[in-house]
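Q: The structure file start-v6.pdb (PDB, C-alpha atoms and all ligand atoms) is provided below.
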ATOM      1  CA  MET E  23      39.140 -19.517 -11.156
ATOM      2  CA  VAL E  24      38.072 -16.151 -12.462
ATOM      3  CA  PRO E  25      36.244 -16.739 -15.789
ATOM      4  CA  GLU E  26      38.210 -15.834 -18.927
ATOM      5  CA  SER E  27      35.313 -13.650 -20.043
ATOM      6  CA  LEU E  28      35.747 -11.498 -16.927
ATOM      7  CA  LYS E  29      39.538 -11.298 -17.319
ATOM      8  CA  ASN E  30      39.124 -10.246 -20.955
ATOM      9  CA  LEU E  31      36.548  -7.636 -20.002
ATOM     10  CA  GLU E  32      38.911  -6.171 -17.420
ATOM     11  CA  LYS E  33      41.672  -5.937 -20.049
ATOM     12  CA  GLU E  34      39.234  -4.143 -22.334
ATOM     13  CA  VAL E  35      38.392  -1.639 -19.583
ATOM     14  CA  GLN E  36      42.101  -1.047 -18.920
ATOM     15  CA  GLN E  37      42.501   0.085 -22.520
ATOM     16  CA  CYS E  38      39.233   2.018 -22.709
ATOM     17  CA  LYS E  39      39.250   5.566 -24.056
ATOM     18  CA  ASN E  40      35.498   5.779 -24.630
ATOM     19  CA  CYS E  41      35.150   8.924 -22.551
ATOM     20  CA  PRO E  42      37.576  11.670 -21.395
ATOM     21  CA  LEU E  43      37.922  10.150 -17.904
ATOM     22  CA  TYR E  44      40.715   7.903 -19.156
ATOM     23  CA  LEU E  45      42.936  11.007 -19.323
ATOM     24  CA  SER E  46      42.881  11.657 -15.572
ATOM     25  CA  ARG E  47      42.606   8.161 -14.106
ATOM     26  CA  ASN E  48      45.476   6.536 -12.218
ATOM     27  CA  ASN E  49      43.796   3.150 -12.225
ATOM     28  CA  ILE E  50      40.609   1.694 -13.557
ATOM     29  CA  VAL E  51      38.341   0.361 -10.810
ATOM     30  CA  PHE E  52      36.910  -2.856 -12.196
ATOM     31  CA  SER E  53      35.522  -4.811  -9.238
ATOM     32  CA  ASP E  54      36.050  -6.350  -5.843
ATOM     33  CA  GLY E  55      34.641  -9.407  -4.111
ATOM     34  CA  TYR E  56      33.702 -12.809  -5.489
ATOM     35  CA  PHE E  57      32.701 -13.423  -9.128
ATOM     36  CA  GLY E  58      30.425 -16.298  -7.998
ATOM     37  CA  ALA E  59      28.489 -14.157  -5.502
ATOM     38  CA  LYS E  60      24.696 -14.081  -5.514
ATOM     39  CA  ILE E  61      24.645 -10.392  -4.650
ATOM     40  CA  MET E  62      26.112  -7.723  -6.918
ATOM     41  CA  LEU E  63      26.434  -4.243  -5.454
ATOM     42  CA  ILE E  64      26.640  -1.305  -7.852
ATOM     43  CA  GLY E  65      27.943   2.034  -6.577
ATOM     44  CA  GLU E  66      28.470   5.372  -8.317
ATOM     45  CA  ALA E  67      32.056   5.982  -9.428
ATOM     46  CA  PRO E  68      35.565   5.699  -7.985
ATOM     47  CA  GLY E  69      36.769   8.380  -5.577
ATOM     48  CA  ALA E  70      40.374   9.372  -4.822
ATOM     49  CA  ASP E  71      41.166   6.293  -2.686
ATOM     50  CA  GLU E  72      39.572   3.941  -5.189
ATOM     51  CA  ASP E  73      41.463   5.543  -8.083
ATOM     52  CA  LYS E  74      44.689   5.120  -6.131
ATOM     53  CA  GLN E  75      44.103   1.493  -5.128
ATOM     54  CA  GLY E  76      42.114   0.290  -8.155
ATOM     55  CA  LYS E  77      39.371  -1.112  -5.915
ATOM     56  CA  PRO E  78      35.799   0.047  -5.253
ATOM     57  CA  PHE E  79      34.613   1.225  -1.827
ATOM     58  CA  VAL E  80      37.965   1.473  -0.035
ATOM     59  CA  GLY E  81      37.738   5.067   1.256
ATOM     60  CA  ARG E  82      35.733   6.395   4.201
ATOM     61  CA  ALA E  83      32.407   5.442   2.619
ATOM     62  CA  GLY E  84      33.780   1.981   1.847
ATOM     63  CA  LYS E  85      34.851   1.492   5.453
ATOM     64  CA  LEU E  86      31.379   2.435   6.612
ATOM     65  CA  LEU E  87      29.875   0.057   4.060
ATOM     66  CA  ASN E  88      32.079  -2.705   5.490
ATOM     67  CA  GLU E  89      30.713  -2.026   8.983
ATOM     68  CA  PHE E  90      27.138  -2.268   7.743
ATOM     69  CA  LEU E  91      27.858  -5.458   5.778
ATOM     70  CA  LYS E  92      29.430  -7.042   8.850
ATOM     71  CA  ALA E  93      26.491  -6.056  11.032
ATOM     72  CA  ALA E  94      24.089  -7.576   8.472
ATOM     73  CA  GLY E  95      26.131 -10.797   8.289
ATOM     74  CA  ILE E  96      27.234 -10.265   4.674
ATOM     75  CA  ASN E  97      30.809 -11.288   3.900
ATOM     76  CA  ARG E  98      32.306  -8.708   1.509
ATOM     77  CA  GLU E  99      34.814 -11.192   0.055
ATOM     78  CA  LYS E 100      32.488 -14.176  -0.389
ATOM     79  CA  ASP E 101      28.907 -12.932  -0.663
ATOM     80  CA  LEU E 102      29.375  -9.825  -2.813
ATOM     81  CA  TYR E 103      30.638  -8.772  -6.188
ATOM     82  CA  ILE E 104      31.163  -4.993  -6.090
ATOM     83  CA  VAL E 105      31.347  -2.619  -9.041
ATOM     84  CA  ASN E 106      30.588   0.986  -9.975
ATOM     85  CA  THR E 107      28.584   2.521 -12.808
ATOM     86  CA  LEU E 108      31.822   4.191 -14.009
ATOM     87  CA  LYS E 109      35.183   2.442 -14.033
ATOM     88  CA  CYS E 110      37.255   5.645 -13.893
ATOM     89  CA  ARG E 111      37.203   8.488 -11.395
ATOM     90  CA  PRO E 112      35.461  11.721 -12.372
ATOM     91  CA  PRO E 113      37.781  14.594 -11.293
ATOM     92  CA  LYS E 114      36.759  16.228  -8.003
ATOM     93  CA  ASN E 115      34.324  13.337  -7.462
ATOM     94  CA  ALA E 116      31.775  14.997  -9.730
ATOM     95  CA  LYS E 117      28.481  13.188 -10.236
ATOM     96  CA  PRO E 118      28.759  11.010 -13.359
ATOM     97  CA  THR E 119      27.282  12.660 -16.448
ATOM     98  CA  LYS E 120      24.775  10.999 -18.748
ATOM     99  CA  GLU E 121      27.468  10.852 -21.471
ATOM    100  CA  GLN E 122      29.992   9.160 -19.174
ATOM    101  CA  LYS E 123      27.425   6.627 -18.005
ATOM    102  CA  THR E 124      26.375   5.858 -21.562
ATOM    103  CA  ALA E 125      30.026   5.428 -22.602
ATOM    104  CA  CYS E 126      30.692   3.025 -19.714
ATOM    105  CA  GLU E 127      27.442   1.084 -19.468
ATOM    106  CA  LYS E 128      28.471  -1.702 -21.827
ATOM    107  CA  PHE E 129      31.080  -2.779 -19.255
ATOM    108  CA  LEU E 130      28.576  -2.784 -16.418
ATOM    109  CA  ASN E 131      26.048  -4.703 -18.524
ATOM    110  CA  ALA E 132      28.718  -7.241 -19.465
ATOM    111  CA  GLN E 133      29.641  -7.700 -15.786
ATOM    112  CA  ILE E 134      25.992  -8.431 -14.947
ATOM    113  CA  ASP E 135      25.752 -10.901 -17.839
ATOM    114  CA  ILE E 136      28.864 -12.773 -16.681
ATOM    115  CA  ILE E 137      28.169 -12.725 -12.908
ATOM    116  CA  LYS E 138      24.438 -13.510 -13.230
ATOM    117  CA  PRO E 139      23.621 -12.377  -9.680
ATOM    118  CA  LYS E 140      20.359 -13.198  -7.931
ATOM    119  CA  ILE E 141      20.155  -9.679  -6.482
ATOM    120  CA  ILE E 142      21.530  -6.355  -7.662
ATOM    121  CA  VAL E 143      21.892  -3.789  -4.898
ATOM    122  CA  LEU E 144      21.675  -0.297  -6.368
ATOM    123  CA  CYS E 145      23.797   1.666  -3.914
ATOM    124  CA  GLY E 146      22.805   5.323  -4.129
ATOM    125  CA  ALA E 147      20.816   7.445  -6.558
ATOM    126  CA  THR E 148      23.312   7.303  -9.447
ATOM    127  CA  ALA E 149      23.242   3.509  -9.631
ATOM    128  CA  MET E 150      19.471   3.516  -9.167
ATOM    129  CA  GLU E 151      18.939   5.964 -12.037
ATOM    130  CA  SER E 152      20.854   3.669 -14.379
ATOM    131  CA  PHE E 153      18.186   0.983 -14.012
ATOM    132  CA  LEU E 154      14.954   2.356 -12.540
ATOM    133  CA  ASP E 155      12.613   5.230 -13.387
ATOM    134  CA  LYS E 156      14.592   8.467 -12.956
ATOM    135  CA  LYS E 157      11.622  10.117 -11.249
ATOM    136  CA  LEU E 158      11.897   7.750  -8.263
ATOM    137  CA  LYS E 159      13.404   9.114  -5.058
ATOM    138  CA  ILE E 160      15.832   6.744  -3.372
ATOM    139  CA  SER E 161      14.624   7.821   0.073
ATOM    140  CA  LYS E 162      11.136   6.587  -0.885
ATOM    141  CA  VAL E 163      11.989   3.323  -2.648
ATOM    142  CA  ARG E 164      15.051   2.056  -0.770
ATOM    143  CA  GLY E 165      14.552  -1.471   0.428
ATOM    144  CA  GLN E 166      11.913  -2.212  -2.234
ATOM    145  CA  ILE E 167      12.329  -5.058  -4.709
ATOM    146  CA  PHE E 168      12.054  -4.279  -8.440
ATOM    147  CA  GLU E 169      11.864  -7.039 -11.036
ATOM    148  CA  ASN E 170      11.803  -7.380 -14.839
ATOM    149  CA  ILE E 171      14.159  -4.426 -15.261
ATOM    150  CA  LYS E 172      15.527  -3.967 -18.788
ATOM    151  CA  ASN E 173      16.333  -7.476 -20.100
ATOM    152  CA  TYR E 174      17.208  -8.831 -16.688
ATOM    153  CA  LYS E 175      14.574 -11.464 -16.014
ATOM    154  CA  GLY E 176      14.843 -13.211 -12.677
ATOM    155  CA  ILE E 177      17.149 -10.625 -11.060
ATOM    156  CA  LYS E 178      15.835  -8.630  -8.107
ATOM    157  CA  PHE E 179      16.974  -4.992  -8.025
ATOM    158  CA  ILE E 180      17.016  -3.360  -4.575
ATOM    159  CA  PRO E 181      18.050   0.281  -4.001
ATOM    160  CA  ILE E 182      19.789   1.240  -0.755
ATOM    161  CA  LEU E 183      21.165   4.534   0.555
ATOM    162  CA  HIS E 184      24.787   5.275  -0.343
ATOM    163  CA  PRO E 185      27.322   5.110   2.539
ATOM    164  CA  SER E 186      28.630   8.595   1.568
ATOM    165  CA  TYR E 187      25.215   9.901   2.571
ATOM    166  CA  LEU E 188      25.253   7.827   5.763
ATOM    167  CA  LEU E 189      28.600   9.393   6.734
ATOM    168  CA  ARG E 190      26.637  12.614   7.306
ATOM    169  CA  GLN E 191      23.800  10.893   9.194
ATOM    170  CA  HIS E 192      24.913   9.847  12.642
ATOM    171  CA  SER E 193      21.697   8.759  14.325
ATOM    172  CA  THR E 194      21.004   5.055  14.710
ATOM    173  CA  ASP E 195      17.487   5.600  16.072
ATOM    174  CA  VAL E 196      14.688   3.428  14.714
ATOM    175  CA  GLY E 197      13.693   4.830  11.317
ATOM    176  CA  SER E 198      16.945   6.793  10.826
ATOM    177  CA  PRO E 199      18.831   6.344   7.506
ATOM    178  CA  ARG E 200      21.433   4.164   9.247
ATOM    179  CA  ASP E 201      18.783   2.001  10.891
ATOM    180  CA  LEU E 202      16.882   1.600   7.617
ATOM    181  CA  THR E 203      20.052   0.705   5.697
ATOM    182  CA  LEU E 204      20.966  -2.010   8.158
ATOM    183  CA  LYS E 205      17.445  -3.437   7.897
ATOM    184  CA  ASP E 206      17.660  -3.317   4.077
ATOM    185  CA  LEU E 207      20.953  -5.215   4.106
ATOM    186  CA  ILE E 208      19.591  -7.842   6.504
ATOM    187  CA  MET E 209      16.597  -8.311   4.173
ATOM    188  CA  ILE E 210      18.943  -8.541   1.162
ATOM    189  CA  LYS E 211      21.019 -11.187   2.892
ATOM    190  CA  LYS E 212      17.932 -13.234   3.757
ATOM    191  CA  THR E 213      16.555 -12.943   0.212
ATOM    192  CA  ALA E 214      19.842 -13.917  -1.454
ATOM    193  CA  LEU E 215      21.417 -16.339   0.976
ATOM    194  CA  GLY E 216      18.525 -17.633   3.111
TER     195      GLY E 216
HETATM  196  S1  LIG E 301      34.791   5.697 -17.368
HETATM  197 FE1  LIG E 301      34.272   3.876 -18.564
HETATM  198  S2  LIG E 301      33.936   4.655 -20.615
HETATM  199 FE2  LIG E 301      35.063   6.237 -19.529
HETATM  200  S3  LIG E 301      37.235   5.807 -19.993
HETATM  201 FE3  LIG E 301      36.712   4.779 -18.061
HETATM  202  S4  LIG E 301      36.170   2.690 -18.670
HETATM  203 FE4  LIG E 301      36.058   3.960 -20.499
END
Since I need it in another form, could you write the structure as structure tokens?
Ligand code: SF4

A:
Amino acid sequence: MVPESLKNLEKEVQQCKNCPLYLSRNNIVFSDGYFGAKIMLIGEAPGADEDKQGKPFVGRAGKLLNEFLKAAGINREKDLYIVNTLKCRPPKNAKPTKEQKTACEKFLNAQIDIIKPKIIVLCGATAMESFLDKKLKISKVRGQIFENIKNYKGIKFIPILHPSYLLRQHSTDVGSPRDLTLKDLIMIKKTALG
């Protein structure tokens, strides 16, 4: 049973007008996956497909993410709770602004508080910048474990490359972005699920 607190939060997001993105959204994109999952994956913001379907990671990047999850042995429906930093689509898939992220962060923080994941996967630079030092480069710190972030004691934060970036990187050679992402996800699975 989905906790009441999560259902109420979703209703709150549906009515949210905290930033101008409510004017152009077709649907809010609240979450996907299992509320009892040990791994929470945070992406950037909904794209056109997500806005249409009301679900995160359902477009081309989402399909690629699914392939990587499968290859790493992570079940999207059972092992993951998936969200974005923004719950509404920025027009033309623009990078979320600081103001939009600030307006929306209370919902993301509340989701973390309710889900209480063991691991938070920061998928892409936008999600990473919401939690870690903004000077860090995702290409340098992907796959590293960060702890004691903000007030989140006991949660491991792990950045990974975003699948939108991987769509433009076709090599699967050892050390390529695709190879490294698969290794990161295998490590994440082992750390969270044994
Ligand atoms: S993006 Fe977040 S803050 Fe902005 S309208 Fe949507 S739910 Fe509200």

Q: Give as a PDB file with C-alpha atoms, in the coordinates of the input the residues that the PyMOL selection byres (((chain E and resi 112) around 9) and not hetatm) matches when applied to the coordinates above.

A:
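Ended up saving to part.pdb:
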ATOM      1  CA  LEU E  43      37.922  10.150 -17.904  1.00  0.00           C
ATOM      2  CA  SER E  46      42.881  11.657 -15.572  1.00  0.00           C
ATOM      3  CA  ARG E  47      42.606   8.161 -14.106  1.00  0.00           C
ATOM      4  CA  ALA E  67      32.056   5.982  -9.428  1.00  0.00           C
ATOM      5  CA  PRO E  68      35.565   5.699  -7.985  1.00  0.00           C
ATOM      6  CA  GLY E  69      36.769   8.380  -5.577  1.00  0.00           C
ATOM      7  CA  LEU E 108      31.822   4.191 -14.009  1.00  0.00           C
ATOM      8  CA  CYS E 110      37.255   5.645 -13.893  1.00  0.00           C
ATOM      9  CA  ARG E 111      37.203   8.488 -11.395  1.00  0.00           C
ATOM     10  CA  PRO E 113      37.781  14.594 -11.293  1.00  0.00           C
ATOM     11  CA  LYS E 114      36.759  16.228  -8.003  1.00  0.00           C
ATOM     12  CA  ASN E 115      34.324  13.337  -7.462  1.00  0.00           C
ATOM     13  CA  ALA E 116      31.775  14.997  -9.730  1.00  0.00           C
ATOM     14  CA  LYS E 117      28.481  13.188 -10.236  1.00  0.00           C
ATOM     15  CA  PRO E 118      28.759  11.010 -13.359  1.00  0.00           C
TER      16      PRO E 118
END

Q: Pick out the residues no farther than 12 Å from ligand LIG 301 (chain E), counting only C-alpha atoms and all ligand atoms, and list them as a PyMOL selection string.

A: chain E and resi 31-52+66-68+73+105-113+118-131

Q: Take the selection from the previous step and output its residues with C-alpha atoms, as a PDB file, in the frame of the given file.

A:
ATOM      1  CA  LEU E  31      36.548  -7.636 -20.002  1.00  0.00           C
ATOM      2  CA  GLU E  32      38.911  -6.171 -17.420  1.00  0.00           C
ATOM      3  CA  LYS E  33      41.672  -5.937 -20.049  1.00  0.00           C
ATOM      4  CA  GLU E  34      39.234  -4.143 -22.334  1.00  0.00           C
ATOM      5  CA  VAL E  35      38.392  -1.639 -19.583  1.00  0.00           C
ATOM      6  CA  GLN E  36      42.101  -1.047 -18.920  1.00  0.00           C
ATOM      7  CA  GLN E  37      42.501   0.085 -22.520  1.00  0.00           C
ATOM      8  CA  CYS E  38      39.233   2.018 -22.709  1.00  0.00           C
ATOM      9  CA  LYS E  39      39.250   5.566 -24.056  1.00  0.00           C
ATOM     10  CA  ASN E  40      35.498   5.779 -24.630  1.00  0.00           C
ATOM     11  CA  CYS E  41      35.150   8.924 -22.551  1.00  0.00           C
ATOM     12  CA  PRO E  42      37.576  11.670 -21.395  1.00  0.00           C
ATOM     13  CA  LEU E  43      37.922  10.150 -17.904  1.00  0.00           C
ATOM     14  CA  TYR E  44      40.715   7.903 -19.156  1.00  0.00           C
ATOM     15  CA  LEU E  45      42.936  11.007 -19.323  1.00  0.00           C
ATOM     16  CA  SER E  46      42.881  11.657 -15.572  1.00  0.00           C
ATOM     17  CA  ARG E  47      42.606   8.161 -14.106  1.00  0.00           C
ATOM     18  CA  ASN E  48      45.476   6.536 -12.218  1.00  0.00           C
ATOM     19  CA  ASN E  49      43.796   3.150 -12.225  1.00  0.00           C
ATOM     20  CA  ILE E  50      40.609   1.694 -13.557  1.00  0.00           C
ATOM     21  CA  VAL E  51      38.341   0.361 -10.810  1.00  0.00           C
ATOM     22  CA  PHE E  52      36.910  -2.856 -12.196  1.00  0.00           C
ATOM     23  CA  GLU E  66      28.470   5.372  -8.317  1.00  0.00           C
ATOM     24  CA  ALA E  67      32.056   5.982  -9.428  1.00  0.00           C
ATOM     25  CA  PRO E  68      35.565   5.699  -7.985  1.00  0.00           C
ATOM     26  CA  ASP E  73      41.463   5.543  -8.083  1.00  0.00           C
ATOM     27  CA  VAL E 105      31.347  -2.619  -9.041  1.00  0.00           C
ATOM     28  CA  ASN E 106      30.588   0.986  -9.975  1.00  0.00           C
ATOM     29  CA  THR E 107      28.584   2.521 -12.808  1.00  0.00           C
ATOM     30  CA  LEU E 108      31.822   4.191 -14.009  1.00  0.00           C
ATOM     31  CA  LYS E 109      35.183   2.442 -14.033  1.00  0.00           C
ATOM     32  CA  CYS E 110      37.255   5.645 -13.893  1.00  0.00           C
ATOM     33  CA  ARG E 111      37.203   8.488 -11.395  1.00  0.00           C
ATOM     34  CA  PRO E 112      35.461  11.721 -12.372  1.00  0.00           C
ATOM     35  CA  PRO E 113      37.781  14.594 -11.293  1.00  0.00           C
ATOM     36  CA  PRO E 118      28.759  11.010 -13.359  1.00  0.00           C
ATOM     37  CA  THR E 119      27.282  12.660 -16.448  1.00  0.00           C
ATOM     38  CA  LYS E 120      24.775  10.999 -18.748  1.00  0.00           C
ATOM     39  CA  GLU E 121      27.468  10.852 -21.471  1.00  0.00           C
ATOM     40  CA  GLN E 122      29.992   9.160 -19.174  1.00  0.00           C
ATOM     41  CA  LYS E 123      27.425   6.627 -18.005  1.00  0.00           C
ATOM     42  CA  THR E 124      26.375   5.858 -21.562  1.00  0.00           C
ATOM     43  CA  ALA E 125      30.026   5.428 -22.602  1.00  0.00           C
ATOM     44  CA  CYS E 126      30.692   3.025 -19.714  1.00  0.00           C
ATOM     45  CA  GLU E 127      27.442   1.084 -19.468  1.00  0.00           C
ATOM     46  CA  LYS E 128      28.471  -1.702 -21.827  1.00  0.00           C
ATOM     47  CA  PHE E 129      31.080  -2.779 -19.255  1.00  0.00           C
ATOM     48  CA  LEU E 130      28.576  -2.784 -16.418  1.00  0.00           C
ATOM     49  CA  ASN E 131      26.048  -4.703 -18.524  1.00  0.00           C
TER      50      ASN E 131
END

Q: Specify as a PyMOL selection string each residue included when the PyMOL selection byres (((chain E and resi 140) around 7) and not hetatm) is applied to this file.

A: chain E and resi 60-61+138-139+141-142+177-178+214

Q: Please save C-alpha atoms of the selected residues as a PDB file, in the frame of the given file.

A:
ATOM      1  CA  LYS E  60      24.696 -14.081  -5.514  1.00  0.00           C
ATOM      2  CA  ILE E  61      24.645 -10.392  -4.650  1.00  0.00           C
ATOM      3  CA  LYS E 138      24.438 -13.510 -13.230  1.00  0.00           C
ATOM      4  CA  PRO E 139      23.621 -12.377  -9.680  1.00  0.00           C
ATOM      5  CA  ILE E 141      20.155  -9.679  -6.482  1.00  0.00           C
ATOM      6  CA  ILE E 142      21.530  -6.355  -7.662  1.00  0.00           C
ATOM      7  CA  ILE E 177      17.149 -10.625 -11.060  1.00  0.00           C
ATOM      8  CA  LYS E 178      15.835  -8.630  -8.107  1.00  0.00           C
ATOM      9  CA  ALA E 214      19.842 -13.917  -1.454  1.00  0.00           C
TER      10      ALA E 214
END

Q: Set the distance at 12 Å and use all atoms listed in the file: which residues neighbour Leu189 in chain E once local chain neighbours fewer than 6 positions away are removed? I'd like the list as a short mmCIF file (atom, residue, chain, number, x, y, z; two decimals) with C-alpha atoms, in the coordinates of the input.

A:
data_model
loop_
_atom_site.label_atom_id
_atom_site.label_comp_id
_atom_site.auth_asym_id
_atom_site.auth_seq_id
_atom_site.Cartn_x
_atom_site.Cartn_y
_atom_site.Cartn_z
CA GLY E 81 37.74 5.07 1.26
CA ARG E 82 35.73 6.40 4.20
CA ALA E 83 32.41 5.44 2.62
CA GLY E 84 33.78 1.98 1.85
CA LYS E 85 34.85 1.49 5.45
CA LEU E 86 31.38 2.44 6.61
CA LEU E 87 29.88 0.06 4.06
CA GLU E 89 30.71 -2.03 8.98
CA PHE E 90 27.14 -2.27 7.74
CA LEU E 183 21.16 4.53 0.56
CA PRO E 199 18.83 6.34 7.51
CA ARG E 200 21.43 4.16 9.25
#

Q: Would you mind reading off the distance between CA of Ile134 in chain E and CA of Tyr174 in chain E, one decimal, in Å?

A: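 Interatomic distance here is 9.0 Å.
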
Q: Using all atoms listed in the file, pick whichever of E:Leu202, E:Ile160, E:Met62, E:Leu91 has the shortest atom-to-atom distance to Ala147 in chain E.

A: E:Ile160

Q: Please compute the CA of Thr213 in chain E-CA of Ile182 in chain E distance, one decimal, in Å.

A: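 We find that CA of Thr213 in chain E and CA of Ile182 in chain E lie 14.6 Å from each other.
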
Q: Using the chain letters and numbers from this file, what does the PyMOL selection byres (((chain E and resi 210) around 12) and not hetatm) select? Give the answer as a VMD selection string.

A: chain E and resid 60 to 63 91 94 to 96 101 to 102 140 to 144 164 to 167 178 to 182 203 to 209 211 to 216
